[in-house]
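This is protein37.txt. It holds compact mmCIF, C-alpha atoms.
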# COMPACT_ATOMS: atom_id res chain seq x y z
CA MET A 326 11.31 -13.49 28.25
CA ASN A 327 13.63 -13.43 25.21
CA LYS A 328 11.37 -15.92 23.48
CA ARG A 329 8.33 -13.70 24.03
CA ILE A 330 10.17 -10.67 22.64
CA GLY A 331 11.30 -12.79 19.69
CA ASN A 332 7.69 -13.78 19.00
CA ILE A 333 6.73 -10.10 18.80
CA PHE A 334 9.69 -8.77 16.80
CA LYS A 335 9.77 -11.43 14.12
CA GLY A 336 11.44 -11.17 10.75
CA ASP A 337 14.83 -9.86 9.67
CA ARG A 338 16.74 -8.67 12.75
CA VAL A 339 18.97 -6.29 10.80
CA ILE A 340 15.95 -4.44 9.43
CA TRP A 341 14.54 -4.26 12.94
CA MET A 342 17.83 -2.68 14.10
CA VAL A 343 17.80 -0.18 11.23
CA PHE A 344 14.16 0.62 12.01
CA PHE A 345 15.00 1.11 15.69
CA PHE A 346 17.91 3.48 14.99
CA LEU A 347 15.86 5.53 12.51
CA CYS A 348 13.04 5.87 15.04
CA MET A 349 15.44 6.91 17.84
CA ILE A 350 17.12 9.48 15.59
CA SER A 351 13.68 10.73 14.63
CA ILE A 352 12.53 11.26 18.23
CA VAL A 353 15.73 13.08 19.23
CA GLU A 354 16.05 15.26 16.12
CA VAL A 355 12.36 16.10 15.75
CA PHE A 356 12.32 17.17 19.41
CA SER A 357 15.28 19.43 18.70
CA ALA A 358 13.98 20.73 15.36
CA SER A 359 10.49 21.52 16.69
CA SER A 360 11.63 24.54 18.70
CA GLY A 361 9.54 26.83 16.49
CA LEU A 362 6.39 24.85 17.22
CA THR A 363 7.04 24.75 20.96
CA TYR A 364 7.76 28.49 21.06
CA LYS A 365 4.52 29.37 19.27
CA SER A 366 2.35 27.08 21.37
CA GLN A 367 4.29 27.53 24.63
CA ASN A 368 3.88 23.77 24.99
CA TYR A 369 7.41 22.43 25.20
CA ILE A 370 6.59 18.77 25.60
CA GLY A 371 3.41 18.46 23.49
CA PRO A 372 4.95 18.19 19.98
CA ILE A 373 7.47 15.51 20.94
CA VAL A 374 4.84 13.55 22.90
CA TYR A 375 2.65 13.59 19.80
CA HIS A 376 5.53 12.52 17.56
CA ALA A 377 6.66 9.77 19.95
CA GLY A 378 3.07 8.56 20.07
CA THR A 379 3.01 8.48 16.28
CA ILE A 380 6.22 6.44 16.24
CA ILE A 381 4.79 4.00 18.78
CA ALA A 382 1.60 3.67 16.73
CA GLY A 383 3.79 3.05 13.66
CA VAL A 384 5.70 0.29 15.45
CA ILE A 385 2.40 -1.37 16.39
CA VAL A 386 1.27 -1.12 12.74
CA ALA A 387 4.57 -2.67 11.64
CA ILE A 388 4.13 -5.56 14.09
CA VAL A 389 0.55 -6.17 12.93
CA THR A 390 1.59 -6.02 9.26
CA LEU A 391 4.51 -8.41 9.65
CA ASN A 392 2.12 -11.01 11.09
CA ILE A 393 0.04 -10.94 7.92
CA PRO A 394 1.18 -13.74 5.58
CA CYS A 395 2.53 -12.27 2.38
CA ARG A 396 -0.01 -14.05 0.18
CA TYR A 397 -2.84 -12.08 1.83
CA PHE A 398 -1.41 -8.80 0.55
CA LYS A 399 -2.74 -9.76 -2.88
CA LEU A 400 -6.28 -9.95 -1.49
CA MET A 401 -5.99 -6.35 -0.30
CA THR A 402 -5.17 -5.04 -3.80
CA PRO A 403 -8.75 -4.33 -5.05
CA PHE A 404 -9.60 -2.49 -1.83
CA LEU A 405 -6.40 -0.43 -1.91
CA MET A 406 -6.93 0.41 -5.59
CA LEU A 407 -10.44 1.68 -4.86
CA VAL A 408 -9.30 3.72 -1.85
CA SER A 409 -6.37 5.19 -3.80
CA LEU A 410 -8.54 6.21 -6.75
CA ILE A 411 -11.28 7.77 -4.61
CA THR A 412 -8.89 9.68 -2.35
CA LEU A 413 -6.69 10.93 -5.22
CA LEU A 414 -9.75 12.33 -6.99
CA TRP A 415 -11.07 13.68 -3.69
CA VAL A 416 -7.85 15.58 -2.93
CA LEU A 417 -7.91 17.17 -6.39
CA LEU A 418 -11.50 18.35 -6.01
CA ALA A 419 -11.71 19.21 -2.32
CA GLY A 420 -8.32 18.66 -0.74
CA THR A 421 -7.09 20.63 2.26
CA LYS A 422 -4.52 23.17 1.10
CA VAL A 423 -1.30 24.14 2.83
CA GLY A 424 0.26 26.99 0.87
CA ASP A 425 -0.60 26.42 -2.77
CA ALA A 426 -0.59 22.62 -2.54
CA GLY A 427 -3.77 20.65 -1.86
CA ARG A 428 -2.24 17.31 -0.94
CA TRP A 429 -4.19 16.49 2.21
CA ILE A 430 -7.59 15.09 3.11
CA ASN A 431 -9.17 15.85 6.46
CA LEU A 432 -11.36 12.94 7.56
CA PHE A 433 -12.85 12.66 11.06
CA GLY A 434 -10.12 14.92 12.43
CA PHE A 435 -7.29 12.97 10.79
CA THR A 436 -5.27 14.52 7.98
CA PHE A 437 -3.45 12.32 5.49
CA GLN A 438 -1.96 12.41 2.02
CA PRO A 439 -3.62 9.99 -0.44
CA SER A 440 -0.35 9.80 -2.38
CA GLU A 441 1.19 7.84 0.52
CA ILE A 442 -1.40 5.10 0.12
CA ALA A 443 -1.26 5.24 -3.69
CA LYS A 444 2.53 4.75 -3.74
CA GLY A 445 2.39 1.47 -1.85
CA THR A 446 -0.62 0.33 -3.86
CA VAL A 447 1.19 0.87 -7.18
CA VAL A 448 4.25 -1.03 -5.92
CA LEU A 449 1.98 -3.87 -4.75
CA ILE A 450 0.26 -4.11 -8.15
CA VAL A 451 3.52 -3.89 -10.12
CA ALA A 452 5.01 -6.67 -7.97
CA GLN A 453 2.01 -8.88 -8.78
CA ILE A 454 2.19 -8.17 -12.52
CA LEU A 455 5.92 -8.87 -12.69
CA ALA A 456 5.50 -12.06 -10.68
CA ALA A 457 2.56 -13.35 -12.72
CA MET A 458 4.19 -12.65 -16.08
CA GLN A 459 7.69 -14.01 -15.44
CA ARG A 460 8.98 -16.42 -18.07
CA ASP A 461 12.17 -18.44 -18.37
CA ASN A 462 13.93 -15.61 -20.20
CA GLY A 463 12.48 -12.74 -18.15
CA ALA A 464 9.18 -10.86 -18.02
CA ASP A 465 6.62 -11.26 -20.76
CA ARG A 466 6.48 -8.28 -23.14
CA ASN A 467 2.86 -7.65 -22.15
CA ALA A 468 3.92 -7.01 -18.54
CA PHE A 469 5.22 -3.59 -19.59
CA LYS A 470 1.82 -2.66 -21.03
CA TRP A 471 -0.11 -3.65 -17.93
CA ILE A 472 2.33 -1.86 -15.63
CA MET A 473 2.00 1.34 -17.66
CA TRP A 474 -1.81 1.10 -17.54
CA ILE A 475 -1.58 1.21 -13.74
CA THR A 476 1.40 3.52 -13.22
CA LEU A 477 0.72 6.36 -15.66
CA PRO A 478 -2.77 7.30 -14.39
CA ALA A 479 -1.59 7.07 -10.78
CA CYS A 480 1.48 9.24 -11.44
CA PHE A 481 -0.64 11.76 -13.36
CA LEU A 482 -3.16 12.15 -10.53
CA ILE A 483 -0.39 12.40 -7.92
CA GLY A 484 1.70 14.75 -10.06
CA LEU A 485 -0.98 17.41 -10.35
CA GLU A 486 -0.45 18.25 -6.68
CA ASN A 487 2.88 16.60 -5.88
CA LEU A 488 5.20 16.38 -8.87
CA SER A 489 8.23 15.16 -6.92
CA THR A 490 6.29 12.23 -5.43
CA SER A 491 5.02 11.31 -8.89
CA ALA A 492 8.56 11.37 -10.33
CA MET A 493 9.89 9.33 -7.42
CA LEU A 494 7.17 6.69 -7.79
CA PHE A 495 7.83 6.40 -11.52
CA ALA A 496 11.56 5.94 -10.81
CA VAL A 497 10.74 3.11 -8.39
CA VAL A 498 8.49 1.39 -10.95
CA PHE A 499 11.18 1.76 -13.62
CA LEU A 500 13.77 0.11 -11.35
CA MET A 501 11.31 -2.65 -10.45
CA MET A 502 10.82 -3.38 -14.16
CA PHE A 503 14.59 -3.46 -14.65
CA ILE A 504 14.97 -5.90 -11.74
CA GLY A 505 11.99 -7.88 -13.07
CA LEU A 506 13.78 -8.37 -16.42
CA VAL A 507 11.34 -6.39 -18.53
CA PRO A 508 12.88 -6.29 -22.06
CA LEU A 509 15.57 -3.61 -22.24
CA ARG A 510 14.22 -2.40 -25.58
CA GLN A 511 10.93 -1.45 -23.92
CA LEU A 512 12.73 0.25 -21.04
CA GLY A 513 14.92 2.15 -23.49
CA LYS A 514 11.87 3.46 -25.36
CA LEU A 515 10.30 4.40 -22.04
CA ALA A 516 13.44 6.30 -21.00
CA GLY A 517 13.35 8.25 -24.27
CA ALA A 518 9.67 9.03 -23.80
CA ILE A 519 10.35 10.20 -20.22
CA ILE A 520 13.03 12.61 -21.47
CA LEU A 521 10.67 14.06 -24.09
CA LEU A 522 7.83 14.26 -21.56
CA GLY A 523 10.14 15.95 -19.07
CA VAL A 524 11.15 18.56 -21.62
CA PHE A 525 7.48 19.14 -22.48
CA ALA A 526 6.46 19.37 -18.80
CA ILE A 527 9.22 21.86 -17.99
CA SER A 528 8.29 23.89 -21.06
CA MET A 529 4.63 23.99 -19.97
CA VAL A 530 5.64 25.02 -16.45
CA MET A 531 7.82 27.83 -17.77
CA ILE A 532 5.04 28.99 -20.14
CA VAL A 533 2.03 28.69 -17.81
CA GLY A 534 3.79 29.67 -14.59
CA HIS A 535 3.93 33.33 -13.60
CA ASP A 536 7.29 34.90 -12.92
CA THR A 537 7.58 35.47 -9.17
CA SER A 538 11.22 36.45 -9.22
CA GLU A 539 12.46 39.42 -7.23
CA ASP A 540 12.18 41.84 -10.17
CA ASN A 541 8.55 40.99 -10.94
CA GLU A 542 7.21 39.98 -7.55
CA GLU A 543 5.58 43.30 -6.67
CA LEU A 544 4.19 43.69 -10.20
CA THR A 545 2.66 40.21 -10.04
CA LYS A 546 0.99 41.02 -6.71
CA VAL A 547 -0.52 44.21 -8.13
CA GLU A 548 -1.80 42.38 -11.21
CA GLN A 549 -3.38 39.69 -9.06
CA VAL A 550 -5.19 42.35 -6.99
CA GLU A 551 -6.26 44.65 -9.78
CA GLN A 552 -6.99 42.16 -12.53
CA PRO A 553 -8.23 38.86 -11.12
CA LYS A 554 -8.64 36.40 -13.94
CA LYS A 555 -10.51 33.17 -14.25
CA LYS A 556 -8.17 30.28 -14.86
CA ASN A 557 -8.65 28.16 -17.96
CA ALA A 558 -8.41 24.35 -17.96
CA ILE A 559 -4.66 24.30 -18.56
CA GLU A 560 -3.99 26.83 -15.80
CA LYS A 561 -6.15 24.82 -13.39
CA MET A 562 -4.23 21.67 -14.27
CA PHE A 563 -0.92 23.46 -13.77
CA HIS A 564 -2.05 25.60 -10.83
CA ARG A 565 1.24 24.85 -9.05
CA ALA A 566 3.25 25.99 -12.07
CA ASP A 567 4.25 29.22 -10.29
CA THR A 568 5.91 27.23 -7.49
CA TRP A 569 7.55 24.77 -9.88
CA LYS A 570 8.83 27.57 -12.11
CA SER A 571 10.28 29.42 -9.14
CA ARG A 572 12.07 26.30 -7.90
CA ILE A 573 13.47 25.48 -11.36
CA LYS A 574 14.74 29.03 -11.86
CA LYS A 575 16.31 29.19 -8.40
CA PHE A 576 18.04 25.84 -8.84
CA GLY A 577 19.27 26.77 -12.31
CA LYS A 578 20.83 30.03 -11.23
CA PRO A 579 24.55 30.17 -10.36
CA LYS A 580 25.05 29.69 -6.64
CA PRO A 581 25.46 33.09 -4.96
CA THR A 582 28.32 33.83 -2.62
CA PRO A 583 27.53 33.90 1.11
CA GLN A 584 27.50 37.72 1.00
CA GLU A 585 24.96 37.72 -1.85
CA TYR A 586 22.42 35.39 -0.21
CA ASP A 587 19.04 36.91 0.43
CA LEU A 588 18.00 35.39 3.75
CA ASP A 589 14.43 36.53 3.21
CA LYS A 590 13.86 35.04 -0.24
CA ASP A 591 16.15 31.99 0.05
CA ALA A 592 15.77 31.35 3.76
CA GLN A 593 15.38 27.58 3.64
CA VAL A 594 18.34 26.91 1.36
CA ALA A 595 20.53 29.53 3.03
CA HIS A 596 19.96 28.34 6.60
CA ALA A 597 20.30 24.69 5.54
CA ASN A 598 23.71 25.56 4.07
CA ILE A 599 24.68 27.42 7.24
CA ALA A 600 23.66 24.40 9.33
CA ILE A 601 25.80 22.07 7.22
CA VAL A 602 28.86 24.34 7.03
CA SER A 603 28.85 24.97 10.79
CA SER A 604 28.55 21.29 11.72
CA GLY A 605 32.13 20.01 11.64
CA VAL A 606 33.02 16.34 11.98
CA ILE A 607 31.16 15.55 15.19
CA GLY A 608 28.58 18.35 15.12
CA LYS A 609 27.35 20.66 17.83
CA GLY A 610 25.62 17.89 19.75
CA PRO A 611 21.98 16.76 20.00
CA GLY A 612 19.64 19.63 20.81
CA LYS A 613 22.23 22.34 20.15
CA SER A 614 21.22 23.41 16.65
CA THR A 615 20.91 27.14 16.01
CA GLU A 616 19.51 27.02 12.48
CA ARG A 617 16.40 25.10 13.56
CA ASP A 618 15.01 28.45 14.73
CA PHE A 619 15.24 29.87 11.20
CA LEU A 620 14.21 26.87 9.06
CA SER A 621 10.43 26.75 8.68
CA GLN A 622 10.48 23.01 7.87
CA ALA A 623 13.38 22.03 10.11
CA PHE A 624 11.45 19.07 11.51
CA SER A 625 10.30 17.82 8.09
CA ASP A 626 11.78 18.68 4.69
CA PHE A 627 15.13 19.94 6.04
CA ILE A 628 15.62 17.69 9.05
CA TYR A 629 18.71 16.15 7.42
CA ALA A 630 20.42 19.57 7.58
CA ILE A 631 19.65 19.70 11.32
CA ILE A 632 21.01 16.15 11.73
CA ILE A 633 24.25 17.23 10.05
CA GLU A 634 24.47 20.36 12.21
CA GLU A 635 23.97 18.45 15.46
CA LEU A 636 25.60 15.09 14.69
CA GLY A 637 28.23 16.25 12.20
CA ILE A 638 29.59 14.46 9.18
CA ILE A 639 29.76 11.22 11.17
CA GLY A 640 26.05 11.39 11.98
CA ALA A 641 25.20 12.29 8.39
CA PHE A 642 27.07 9.26 7.04
CA PHE A 643 25.51 7.05 9.70
CA VAL A 644 22.00 7.98 8.53
CA VAL A 645 22.98 7.32 4.90
CA PHE A 646 24.51 3.99 6.00
CA LEU A 647 21.23 2.96 7.65
CA TYR A 648 19.29 3.46 4.41
CA ILE A 649 21.96 1.59 2.43
CA ILE A 650 21.72 -1.31 4.86
CA LEU A 651 17.93 -1.26 4.56
CA LEU A 652 18.11 -1.56 0.76
CA TYR A 653 20.83 -4.22 0.98
CA ARG A 654 18.78 -6.33 3.38
CA CYS A 655 15.74 -6.01 1.11
CA ALA A 656 17.88 -7.37 -1.73
CA ARG A 657 19.06 -10.26 0.46
CA ILE A 658 15.49 -11.05 1.50
CA ALA A 659 14.37 -10.99 -2.14
CA SER A 660 17.17 -13.38 -3.10
CA ARG A 661 15.95 -15.90 -0.49
CA CYS A 662 12.33 -15.86 -1.66
CA GLU A 663 11.15 -18.93 -3.53
CA ASN A 664 8.27 -17.04 -5.16
CA ASN A 665 8.56 -13.96 -7.33
CA PHE A 666 5.80 -11.83 -5.79
CA PRO A 667 7.28 -11.40 -2.29
CA ALA A 668 10.72 -10.78 -3.81
CA PHE A 669 9.46 -7.96 -6.03
CA LEU A 670 7.34 -6.55 -3.21
CA ALA A 671 10.27 -6.37 -0.79
CA MET A 672 12.52 -4.72 -3.38
CA GLY A 673 9.80 -2.28 -4.46
CA LEU A 674 9.03 -1.11 -0.92
CA GLY A 675 12.74 -0.89 -0.09
CA LEU A 676 13.36 1.24 -3.19
CA LEU A 677 10.35 3.41 -2.32
CA LEU A 678 11.77 4.27 1.11
CA VAL A 679 15.40 4.67 0.06
CA ILE A 680 14.79 6.75 -3.09
CA GLN A 681 12.60 9.13 -1.09
CA ALA A 682 15.40 9.40 1.47
CA ILE A 683 17.87 10.20 -1.32
CA PHE A 684 15.52 12.92 -2.66
CA ASN A 685 15.27 14.51 0.79
CA MET A 686 19.00 14.40 1.52
CA MET A 687 19.92 15.79 -1.90
CA VAL A 688 17.59 18.75 -1.31
CA ALA A 689 19.07 19.38 2.14
CA VAL A 690 22.64 19.54 0.81
CA GLY A 691 21.71 21.59 -2.26
CA LEU A 692 22.03 18.89 -4.95
CA ALA A 693 18.37 19.05 -5.99
CA PRO A 694 15.64 21.71 -6.05
CA VAL A 695 13.32 21.93 -3.07
CA THR A 696 10.70 19.18 -3.44
CA GLY A 697 8.87 18.92 -0.12
CA GLN A 698 9.76 15.25 0.39
CA PRO A 699 10.15 14.26 4.08
CA LEU A 700 12.90 11.94 5.25
CA PRO A 701 11.19 8.52 5.68
CA LEU A 702 10.89 7.29 9.27
CA ILE A 703 12.76 10.36 10.58
CA SER A 704 10.83 13.51 9.61
CA LYS A 705 7.88 14.59 11.71
CA GLY A 706 4.69 13.20 10.26
CA GLY A 707 1.35 11.67 11.06
CA THR A 708 -0.18 9.15 8.70
CA SER A 709 2.91 9.28 6.43
CA THR A 710 5.03 7.95 9.29
CA ILE A 711 2.51 5.21 10.07
CA ILE A 712 2.26 4.18 6.40
CA ASN A 713 6.06 4.03 6.11
CA CYS A 714 6.05 1.79 9.19
CA ALA A 715 3.48 -0.41 7.41
CA TYR A 716 5.93 -0.69 4.50
CA ILE A 717 8.59 -1.86 6.95
CA GLY A 718 6.11 -4.37 8.36
CA ALA A 719 5.40 -5.72 4.88
CA ILE A 720 9.14 -6.14 4.22
CA LEU A 721 9.49 -7.94 7.56
CA SER A 722 6.54 -10.19 6.63
CA VAL A 723 8.35 -11.16 3.43
CA SER A 724 11.58 -11.78 5.37
CA ARG A 725 9.70 -13.93 7.86
CA SER A 726 8.14 -16.17 5.20
CA ALA A 727 11.43 -16.36 3.26
CA LYS A 728 13.28 -17.43 6.41
CA MET A 729 10.65 -20.06 7.23
CA LYS A 730 10.92 -21.57 3.75
CA ARG A 731 14.71 -21.53 3.95
CA ASP A 732 14.60 -23.33 7.32
CA GLU A 733 12.21 -25.92 5.90
CA ASN A 734 14.55 -26.58 2.97
CA ILE A 735 17.52 -26.95 5.31
CA GLY A 736 15.54 -29.32 7.53
Structure rendered as structure tokens:
Amino acid sequence: MNKRIGNIFKGDRVIWMVFFFLCMISIVEVFSASSGLTYKSQNYIGPIVYHAGTIIAGVIVAIVTLNIPCRYFKLMTPFLMLVSLITLLWVLLAGTKVGDAGRWINLFGFTFQPSEIAKGTVVLIVAQILAAMQRDNGADRNAFKWIMWITLPACFLIGLENLSTSAMLFAVVFLMMFIGLVPLRQLGKLAGAIILLGVFAISMVMIVGHDTSEDNEELTKVEQVEQPKKKNAIEKMFHRADTWKSRIKKFGKPKPTPQEYDLDKDAQVAHANIAIVSSGVIGKGPGKSTERDFLSQAFSDFIYAIIIEELGIIGAFFVVFLYIILLYRCARIASRCENNFPAFLAMGLGLLLVIQAIFNMMVAVGLAPVTGQPLPLISKGGTSTIINCAYIGAILSVSRSAKMKRDENIG
């Protein structure tokens, strides 16, 4: 029996344990945080059954992926590039909008974000470039050029609808190049260019974006009703500038005192803070959150605040510890690989998951502006959860092949 289970759950056992704990935390906390959905639908078991089914489907995808030899991932690159390009253009032209963001595609009843596929595809391509262009003293200087040819267009297309995801992906690629020993001079120039580009992008957002602050909100609504204007090319490109400008201004303002908080205009941040402050060391206990009823994205963007409220500081540190262990194990797996490609792939996918987790947790505790990034493998999701599970499966595939080679060398 144990042998059969071992044949199914192959690969690094520590990553499997981390994956298991994250999935269990997800099922418990999403069930608790979905009270708003259950109240509206009067279906108290439906949302968690759907989410548990998604987790189970993700585990199956992870098992299938880990059984794919790592060398075959390279063969999938042209197909994934084509799918990523088509779907990213599709979502820009005819994406399904939620709020002011058109990040989703509805296909045969399934809704997914093309950026989720594009992220993994870019990491896969960068890993291949770094592996193919490694020299005795590090990566060839031309590797930087080829990586930029792939990364910049992808980040631009993603960033038009999802700026935080674009920034996160670029950070992952930058770290992969650092690990891949791309010349520091090139990375230094890139860092300088990023700073200048960031200043330019923020300036454009502040110029193009309309002021939706409290003082001008009613005036803006009247202007939109009375004087509808056709948007020019720049305004179409920066159509989310209003949202970005609002988030930048809110984050840049001095933090108000508890008495000064406007629970209508700053509901998400305010109730996330209340959840964290009221948690204590051990929390209120699973399923006993009160702020989940006031947070509109309690089961997604702000689920870490609900975890802190219910599981306390201990639970919060435990979740952080799981992601640290995941990244550490990815580094250990990479160090055991005899070939460069699987090593870079494992590190890239590990960084992709962990950096997104850091983004989400920083938003929840007020250290970063609201970005809309879910907590990987914990937040409620559909295809995003399944794709993250596929990333875990790819890491496990690398760990499996690295372990087999290590055993052969020992033998």
Neighbour residues at most 8 Å from (16.2, 4.7, -0.4) (all atoms listed in the file) as a PDB file with C-alpha atoms, in the coordinates of the input:
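Final output, saved to point.pdb:
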ATOM      1  CA  TYR A 648      19.290   3.460   4.410  1.00  0.00           C
ATOM      2  CA  ILE A 649      21.960   1.590   2.430  1.00  0.00           C
ATOM      3  CA  LEU A 651      17.930  -1.260   4.560  1.00  0.00           C
ATOM      4  CA  LEU A 652      18.110  -1.560   0.760  1.00  0.00           C
ATOM      5  CA  GLY A 675      12.740  -0.890  -0.090  1.00  0.00           C
ATOM      6  CA  LEU A 676      13.360   1.240  -3.190  1.00  0.00           C
ATOM      7  CA  LEU A 677      10.350   3.410  -2.320  1.00  0.00           C
ATOM      8  CA  LEU A 678      11.770   4.270   1.110  1.00  0.00           C
ATOM      9  CA  VAL A 679      15.400   4.670   0.060  1.00  0.00           C
ATOM     10  CA  ILE A 680      14.790   6.750  -3.090  1.00  0.00           C
ATOM     11  CA  GLN A 681      12.600   9.130  -1.090  1.00  0.00           C
ATOM     12  CA  ALA A 682      15.400   9.400   1.470  1.00  0.00           C
ATOM     13  CA  ILE A 683      17.870  10.200  -1.320  1.00  0.00           C
TER      14      ILE A 683
END
message = Which residues are close to range 401-417 of chain A, i.e. within 12 Å by all atoms listed in the file, leaving aside same-chain residues fewer than 6 positions away? Reply as JSON, numbers by chain.
response = {"A": [393, 394, 395, 426, 427, 428, 429, 430, 431, 432, 436, 437, 438, 439, 440, 441, 442, 443, 444, 445, 446, 447, 448, 449, 450, 451, 452, 453, 454, 475, 476, 478, 479, 480, 481, 482, 483, 484, 485, 486, 487, 561, 562, 563, 564]}
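In terms of minimum interatomic distance to Ile380 in chain A, A:Ala715 ranks closest within A:Ala715, A:Ala600, A:Ile472, A:Met672, counting all atoms listed in the file.
Nearest to Tyr629 in chain A of all the residues A:Met502, A:Ala387, A:Val688, A:Ala595 is A:Val688, based on all atoms listed in the file.
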request  = Show which residues sit within 12 Å of Arg657 in chain A, as a ChimeraX atom specification. Count only C-alpha atoms, and ignore same-chain residues fewer than 6 positions away.
outcome  = /A:337,339-340,650-651,668-669,671-672,675,720,723-724,727-728
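Of note, CA of Ala382 in chain A and CA of Thr710 in chain A are spaced 9.2 Å apart.
Computed from the coordinates, the CA of Gly718 in chain A to CA of Leu700 in chain A distance equals 17.9 Å.
Between CA of Glu634 in chain A and CA of Ser603 in chain A there is a distance of 6.5 Å.
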message = Quick one: residues within 12 Å of Ile504 in chain A, all atoms listed in the file, excluding same-chain residues fewer than 2 positions away - as a ChimeraX atom specification?
response = /A:451-452,455-456,459,463-464,497-502,506-509,512,656,659-660,665,668-673,676
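Nearest-residue note for Phe346 in chain A: choosing from A:Phe469, A:Leu391, A:Ala597, A:Leu647, the minimum distance belongs to A:Leu647, counting all atoms listed in the file.
You can rank A:Phe525, A:Tyr653, A:Tyr375, A:Phe643 by their closest distance to Ser359 in chain A using only C-alpha atoms, and at the top of that list sits A:Tyr375.
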note = Restricting to only C-alpha atoms, whichever of A:Ile639, A:Ile703, A:Ile350, A:Ile388 is closest to Tyr716 in chain A is A:Ile388
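By chain and then residue number, the residues within 12 Å of Cys348 in chain A are A:Trp341, A:Met342, A:Val343, A:Phe344, A:Ile352, A:Val353, A:Glu354, A:Val355, A:His376, A:Ala377, A:Gly378, A:Thr379, A:Ile380, A:Ile381, A:Ala382, A:Gly383, A:Val384, A:Val644, A:Leu647, A:Leu700, A:Pro701, A:Leu702, A:Ile703, A:Ser704, A:Lys705, A:Thr710, A:Ile711, A:Asn713, A:Cys714, counting all atoms listed in the file and disregarding those fewer than 4 positions away in sequence.
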